[in-house]
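Novice: Please see the structure below; I have some questions.
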Amino acid sequence: MPEPELLLTAYRKMVVGRRFDTQATALARQGRLAVHPSSLGQEACQIGAALALRPSDWLFPTYRDCVALVSRDIDPVEALTLLRGDGHCGYDPMRHRTAPQCTPLATHAAHATGLAHGERLKGTDTVALALVGDGATSEGDFHEALGLAGVLRAPVVFLVQNNGYAISVPFAAQSAAPGLAYKGIGYGVRSEQVDGNDAAAVLAVLTKAVEEARTGGGPWLIEAHTYRVAPHTSADDPSRYRPAEETEQWRERDPIDRLESWLRERGLLTEDDIAAAAVAAEEYAAEMRTRFSEDPVVDPLALFEHVFSAPTPQLTEQRAQLRAELGER
């Protein structure tokens with residue numbers, strides 16, 4: 001069982017994370033974001049992943065993992081840069097030890113394996129944790145990453161947030177296996193399942209997996225059973241592929257409510273604590289609204305930066321053409 005202080009930290013971060021998520025959804029509806037893939041209902045997985053890592057470890061997120069990003073103290077505007085359309089990545093990956101968000105499913109899983117192996121070769125005890133969805137486990141990149149991780153005994157942890165749907169495709173139409181954790185066994189990867197809406201359980205399993213990977217225990221695959229309460233993105237209509245009754249059943253298993261009840265029953269969380277967390281969340285959302293009311297300042301010529309270490313002749317020519325169109329010399 002995680003220490004009470006860690007669970008209290010998880011609670012506070014989950015409350016702020018949910019408010020961040022709902023505010024981001026509102027910003028998408030207002031046209032301030034191009035789109036927003038909500039993680040409403042998956043906060044225990046998002047926060048658990050962030051808290052299980054040391055600041056020196058690496059996180060490899062998907063496009064749905066903004067709550068995990070802000071929980072690693074990444075600026076919320078920078079975390080939403082990709083979804084705003086201002087750039088491919090708004091934060092400094094090296095500074096935050098967090099890879100750019102991955103939109104193509106599972107391609108970052110192999111990156112996480114490679115980085116973890118490389119860090120071990122350098123003599124560090126760094127662990128990489130890759131967040132993936134259930135849909136990503138149907139991609140070839142996922143299996144290649146697990147195969148490589150198993151052979152190399154790389155210090156990498158794969159956390160599959162199985163929320164039941166790959167956009168509109170239900171789990172039963174994706175895999176005939178009884179669970180996604182079974183996919184790791186064939187690759188020699190330690191595999192576990194966990195209730196993804198139980199923050200204490202998620203933290204316990206992830207902390208164990210990360211520390212065993214760090215000390216030479218090899219890679220882990222963890223399947224967290226959770227649910228995406230919100231639509232796939234702000235442009236989705238989930239009523240077309242799943243019944244409302246199903247969603248309501250999962251709302252009753254809300255991860256924040258469950259952790260709050262557990263902490264209150266043990267006298268670890270007071271009404272003042274709950275109120276303080278709510279106030280912090282509202283202040284966080286208010287700052288987001290203020291900052292997103294300002295139009296971003298972008299440099300079109302930045303499009304050509306960080307493509308190659310030395311620009312190719314074609315890129316140099318294209319950059320010159322754009323400068324001419326912009327009226328620059």
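Letters A, B, ... go to the chains of the structure tokens in the order shown; residues in each chain start at 1; ligands are counted from 1 in the same order.
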Find the residues near His108 (chain A): any atom within 10 Å, counting only C-alpha atoms, skip ones fewer than 2 places away on the same chain, and give them as a PyMOL selection string.
Specialist: chain A and resi 60-62+99-106+110-114+130-132+141-142+145
Novice: Per residue of region 56-133 of chain A within 12 Å of region 279-284 of chain A, what are the shortest atom pair and its distance in Å to one decimal, counting only C-alpha atoms, with rows by chain and residue number, as a tab-separated table?
Specialist:
residue	atom	partner	partner_atom	distance
A:Val70	CA	A:Tyr284	CA	10.8
A:Asp75	CA	A:Tyr284	CA	10.8
A:Pro76	CA	A:Tyr284	CA	9.1
A:Val77	CA	A:Tyr284	CA	11.4
Novice: Could you dump the residues just selected with N, CA and C atoms as a PDB file, in the first residue's frame?
Specialist:
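The result, stored in again_17.pdb:
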ATOM      1  N   VAL A  70       0.938  17.590 -17.203  1.00  0.00           N
ATOM      2  CA  VAL A  70       0.875  18.680 -16.229  1.00  0.00           C
ATOM      3  C   VAL A  70       1.206  18.182 -14.831  1.00  0.00           C
ATOM      4  N   ASP A  75       4.105  23.099 -18.101  1.00  0.00           N
ATOM      5  CA  ASP A  75       3.180  24.213 -18.223  1.00  0.00           C
ATOM      6  C   ASP A  75       1.954  23.785 -19.025  1.00  0.00           C
ATOM      7  N   PRO A  76       0.732  24.102 -18.558  1.00  0.00           N
ATOM      8  CA  PRO A  76      -0.474  23.640 -19.261  1.00  0.00           C
ATOM      9  C   PRO A  76      -0.584  24.161 -20.694  1.00  0.00           C
ATOM     10  N   VAL A  77      -0.133  25.389 -20.934  1.00  0.00           N
ATOM     11  CA  VAL A  77      -0.169  25.911 -22.305  1.00  0.00           C
ATOM     12  C   VAL A  77       0.809  25.140 -23.187  1.00  0.00           C
TER      13      VAL A  77
END
Novice: A:His143, A:Arg190, A:Arg153, A:His88: which is nearest Gly118 (chain A), counting only C-alpha atoms?
Specialist: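 The answer is A:Arg153, which sits nearest to Gly118 (chain A).
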Novice: Could the residues of region 13-104 of chain A that have an atom at most 9 Å from region 254-260 of chain A be listed as JSON lines, each with its closest atom pair and the distance in Å to one decimal, counting only C-alpha atoms and ordered by chain and ascending residue number?
Specialist:
{"residue": "A:Met14", "atom": "CA", "partner": "A:Ile256", "partner_atom": "CA", "distance": 6.7}
{"residue": "A:Val15", "atom": "CA", "partner": "A:Ile256", "partner_atom": "CA", "distance": 7.1}
{"residue": "A:Gly41", "atom": "CA", "partner": "A:Asp254", "partner_atom": "CA", "distance": 6.3}
{"residue": "A:Gln42", "atom": "CA", "partner": "A:Pro255", "partner_atom": "CA", "distance": 7.5}
{"residue": "A:Glu43", "atom": "CA", "partner": "A:Pro255", "partner_atom": "CA", "distance": 6.9}
{"residue": "A:Ala44", "atom": "CA", "partner": "A:Pro255", "partner_atom": "CA", "distance": 6.0}
Novice: How would the residues just picked look written out with N, CA and C atoms as a compact mmCIF listing (two decimals), in the first residue's frame?
Specialist:
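part-v3.txt, freshly written:
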# COMPACT_ATOMS: atom_id res chain seq x y z
N MET A 14 -5.02 14.63 -8.94
CA MET A 14 -6.15 14.14 -9.71
C MET A 14 -7.25 15.19 -9.82
N VAL A 15 -7.49 15.92 -8.72
CA VAL A 15 -8.52 16.97 -8.73
C VAL A 15 -8.11 18.08 -9.70
N GLY A 41 -12.00 10.27 -16.32
CA GLY A 41 -12.22 8.92 -15.82
C GLY A 41 -10.95 8.09 -15.73
N GLN A 42 -9.87 8.58 -16.36
CA GLN A 42 -8.62 7.83 -16.37
C GLN A 42 -7.54 8.51 -15.52
N GLU A 43 -7.97 9.37 -14.60
CA GLU A 43 -7.01 10.15 -13.83
C GLU A 43 -6.08 9.30 -12.96
N ALA A 44 -6.58 8.19 -12.45
CA ALA A 44 -5.73 7.36 -11.60
C ALA A 44 -4.54 6.81 -12.38
Novice: Name the residues of region 62-308 of chain A that come out as strand (DSSP E) in a backbone DSSP run; write them as a VMD selection string.
Specialist: chain A and resid 128 to 133 156 to 162 165 to 166 169 to 170 190 to 195 220 to 225
Novice: Sorted by chain and rising residue number, list the residues of region 130-194 of chain A at most 7 Å from region 227-243 of chain A (counting only C-alpha atoms), each with its closest atom pair and distance in Å to one decimal, as a Markdown table.
Specialist:
| residue | atom | partner | partner_atom | distance |
| --- | --- | --- | --- | --- |
| A:Asn163 | CA | A:Tyr227 | CA | 4.0 |
| A:Gly164 | CA | A:Tyr227 | CA | 6.3 |
| A:Ile167 | CA | A:His232 | CA | 5.6 |
| A:Ser168 | CA | A:Tyr241 | CA | 5.9 |
Novice: Considering only C-alpha atoms, state which residue in the set A:Arg84, A:Gly135, A:Asp92, A:Pro219 is at the smallest distance from Ala172 (chain A).
Specialist: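 Smallest separation from Ala172 (chain A) among the options: A:Gly135.
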Novice: Report, in Å to a single decimal, how far apart CA of Ala277 (chain A) and CA of Arg12 (chain A) are.
Specialist: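 Taking CA of Arg12 (chain A) and CA of Ala277 (chain A), their separation equals 5.6 Å.
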Novice: Going by DSSP on the backbone, which bits of region 39-192 of chain A are helix (DSSP H, G or I)? Write them as a VMD selection string, please.
Specialist: chain A and resid 43 to 52 66 to 71 76 to 79 81 to 84 93 to 96 107 to 121 134 to 138 140 to 152 171 to 173 182 to 185
Novice: Find the residues around Thr215 (chain A) up to 9 Å (only C-alpha atoms counted), leave out those fewer than 5 positions away in its own chain, and share them as a list of chain:residue names.
Specialist: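 The filter keeps A:Asp125, A:Pro155, A:Val210.
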Novice: If we count only C-alpha atoms and set the cut-off at 12 Å, which residues sit around Arg291 (chain A), ignoring sequence neighbours fewer than 3 positions away in its own chain? Please answer as a list in words.
Specialist: Leu27, Arg32, Asp75, Pro76, Val77, Glu78, Leu80, Tyr284, Ala285, Ala286, Glu287, Met288, Glu294, Asp295 and Pro296 of chain A
Novice: Grab the residues selected above and save them as a PDB file, in the first residue's frame with C-alpha atoms.
Specialist:
ATOM      1  CA  LEU A  27     -11.346  25.571 -24.827  1.00  0.00           C
ATOM      2  CA  ARG A  32      -9.054  27.830 -28.756  1.00  0.00           C
ATOM      3  CA  ASP A  75       3.180  24.213 -18.223  1.00  0.00           C
ATOM      4  CA  PRO A  76      -0.474  23.640 -19.261  1.00  0.00           C
ATOM      5  CA  VAL A  77      -0.169  25.911 -22.305  1.00  0.00           C
ATOM      6  CA  GLU A  78       2.953  24.050 -23.390  1.00  0.00           C
ATOM      7  CA  LEU A  80      -1.625  21.779 -25.118  1.00  0.00           C
ATOM      8  CA  TYR A 284      -5.431  26.526 -12.213  1.00  0.00           C
ATOM      9  CA  ALA A 285      -8.346  26.602 -14.675  1.00  0.00           C
ATOM     10  CA  ALA A 286      -8.730  30.373 -14.347  1.00  0.00           C
ATOM     11  CA  GLU A 287      -5.095  30.893 -15.264  1.00  0.00           C
ATOM     12  CA  MET A 288      -5.544  28.617 -18.259  1.00  0.00           C
ATOM     13  CA  GLU A 294      -4.300  35.630 -25.821  1.00  0.00           C
ATOM     14  CA  ASP A 295      -3.452  34.751 -29.411  1.00  0.00           C
ATOM     15  CA  PRO A 296      -0.198  32.799 -29.684  1.00  0.00           C
TER      16      PRO A 296
END
Novice: May I have the residues within 9 Å of region 176-184 of chain A as a ChimeraX atom specification, using only C-alpha atoms and disregarding those fewer than 2 positions away in the same chain?
Specialist: /A:134,137,143,146-147,150,160,162,171-174,186-193,220-224
Novice: Export, as a PDB file, in the first residue's frame, the selected residues with C-alpha atoms.
Specialist:
ATOM      1  CA  ASP A 134      -5.823  -0.651 -25.800  1.00  0.00           C
ATOM      2  CA  THR A 137      -1.750  -3.064 -28.646  1.00  0.00           C
ATOM      3  CA  HIS A 143       4.748  -5.964 -30.448  1.00  0.00           C
ATOM      4  CA  LEU A 146       7.796  -5.721 -26.382  1.00  0.00           C
ATOM      5  CA  GLY A 147       9.913  -8.219 -28.294  1.00  0.00           C
ATOM      6  CA  GLY A 150      12.132  -8.721 -23.555  1.00  0.00           C
ATOM      7  CA  VAL A 160      -1.824   0.008 -21.178  1.00  0.00           C
ATOM      8  CA  ASN A 162      -7.535  -0.269 -21.426  1.00  0.00           C
ATOM      9  CA  PHE A 171     -12.183  -4.522 -26.871  1.00  0.00           C
ATOM     10  CA  ALA A 172     -13.922  -7.728 -27.982  1.00  0.00           C
ATOM     11  CA  ALA A 173     -13.373  -6.757 -31.616  1.00  0.00           C
ATOM     12  CA  GLN A 174      -9.663  -6.109 -31.037  1.00  0.00           C
ATOM     13  CA  GLY A 186       4.939 -14.493 -25.057  1.00  0.00           C
ATOM     14  CA  TYR A 187       7.728 -11.909 -25.149  1.00  0.00           C
ATOM     15  CA  GLY A 188       9.129 -12.766 -21.747  1.00  0.00           C
ATOM     16  CA  VAL A 189       7.823  -9.541 -20.259  1.00  0.00           C
ATOM     17  CA  ARG A 190       6.465  -9.549 -16.701  1.00  0.00           C
ATOM     18  CA  SER A 191       2.744  -8.805 -17.005  1.00  0.00           C
ATOM     19  CA  GLU A 192       0.116  -7.707 -14.498  1.00  0.00           C
ATOM     20  CA  GLN A 193      -3.462  -6.439 -14.458  1.00  0.00           C
ATOM     21  CA  TRP A 220       6.935  -4.860 -17.330  1.00  0.00           C
ATOM     22  CA  LEU A 221       3.577  -4.722 -19.080  1.00  0.00           C
ATOM     23  CA  ILE A 222       0.686  -3.508 -16.934  1.00  0.00           C
ATOM     24  CA  GLU A 223      -2.902  -3.526 -18.140  1.00  0.00           C
ATOM     25  CA  ALA A 224      -5.036  -1.021 -16.251  1.00  0.00           C
TER      26      ALA A 224
END
Novice: Quick one, how far is CA of Leu7 (chain A) from CA of Leu269 (chain A)?
Specialist: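 The value is 10.1 Å.
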Novice: Kindly give the distance, in Å, that separates CA of Thr124 (chain A) and CA of His306 (chain A), rounded to a single decimal.
Specialist: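 Computed distance, CA of Thr124 (chain A) to CA of His306 (chain A), equals 26.7 Å.
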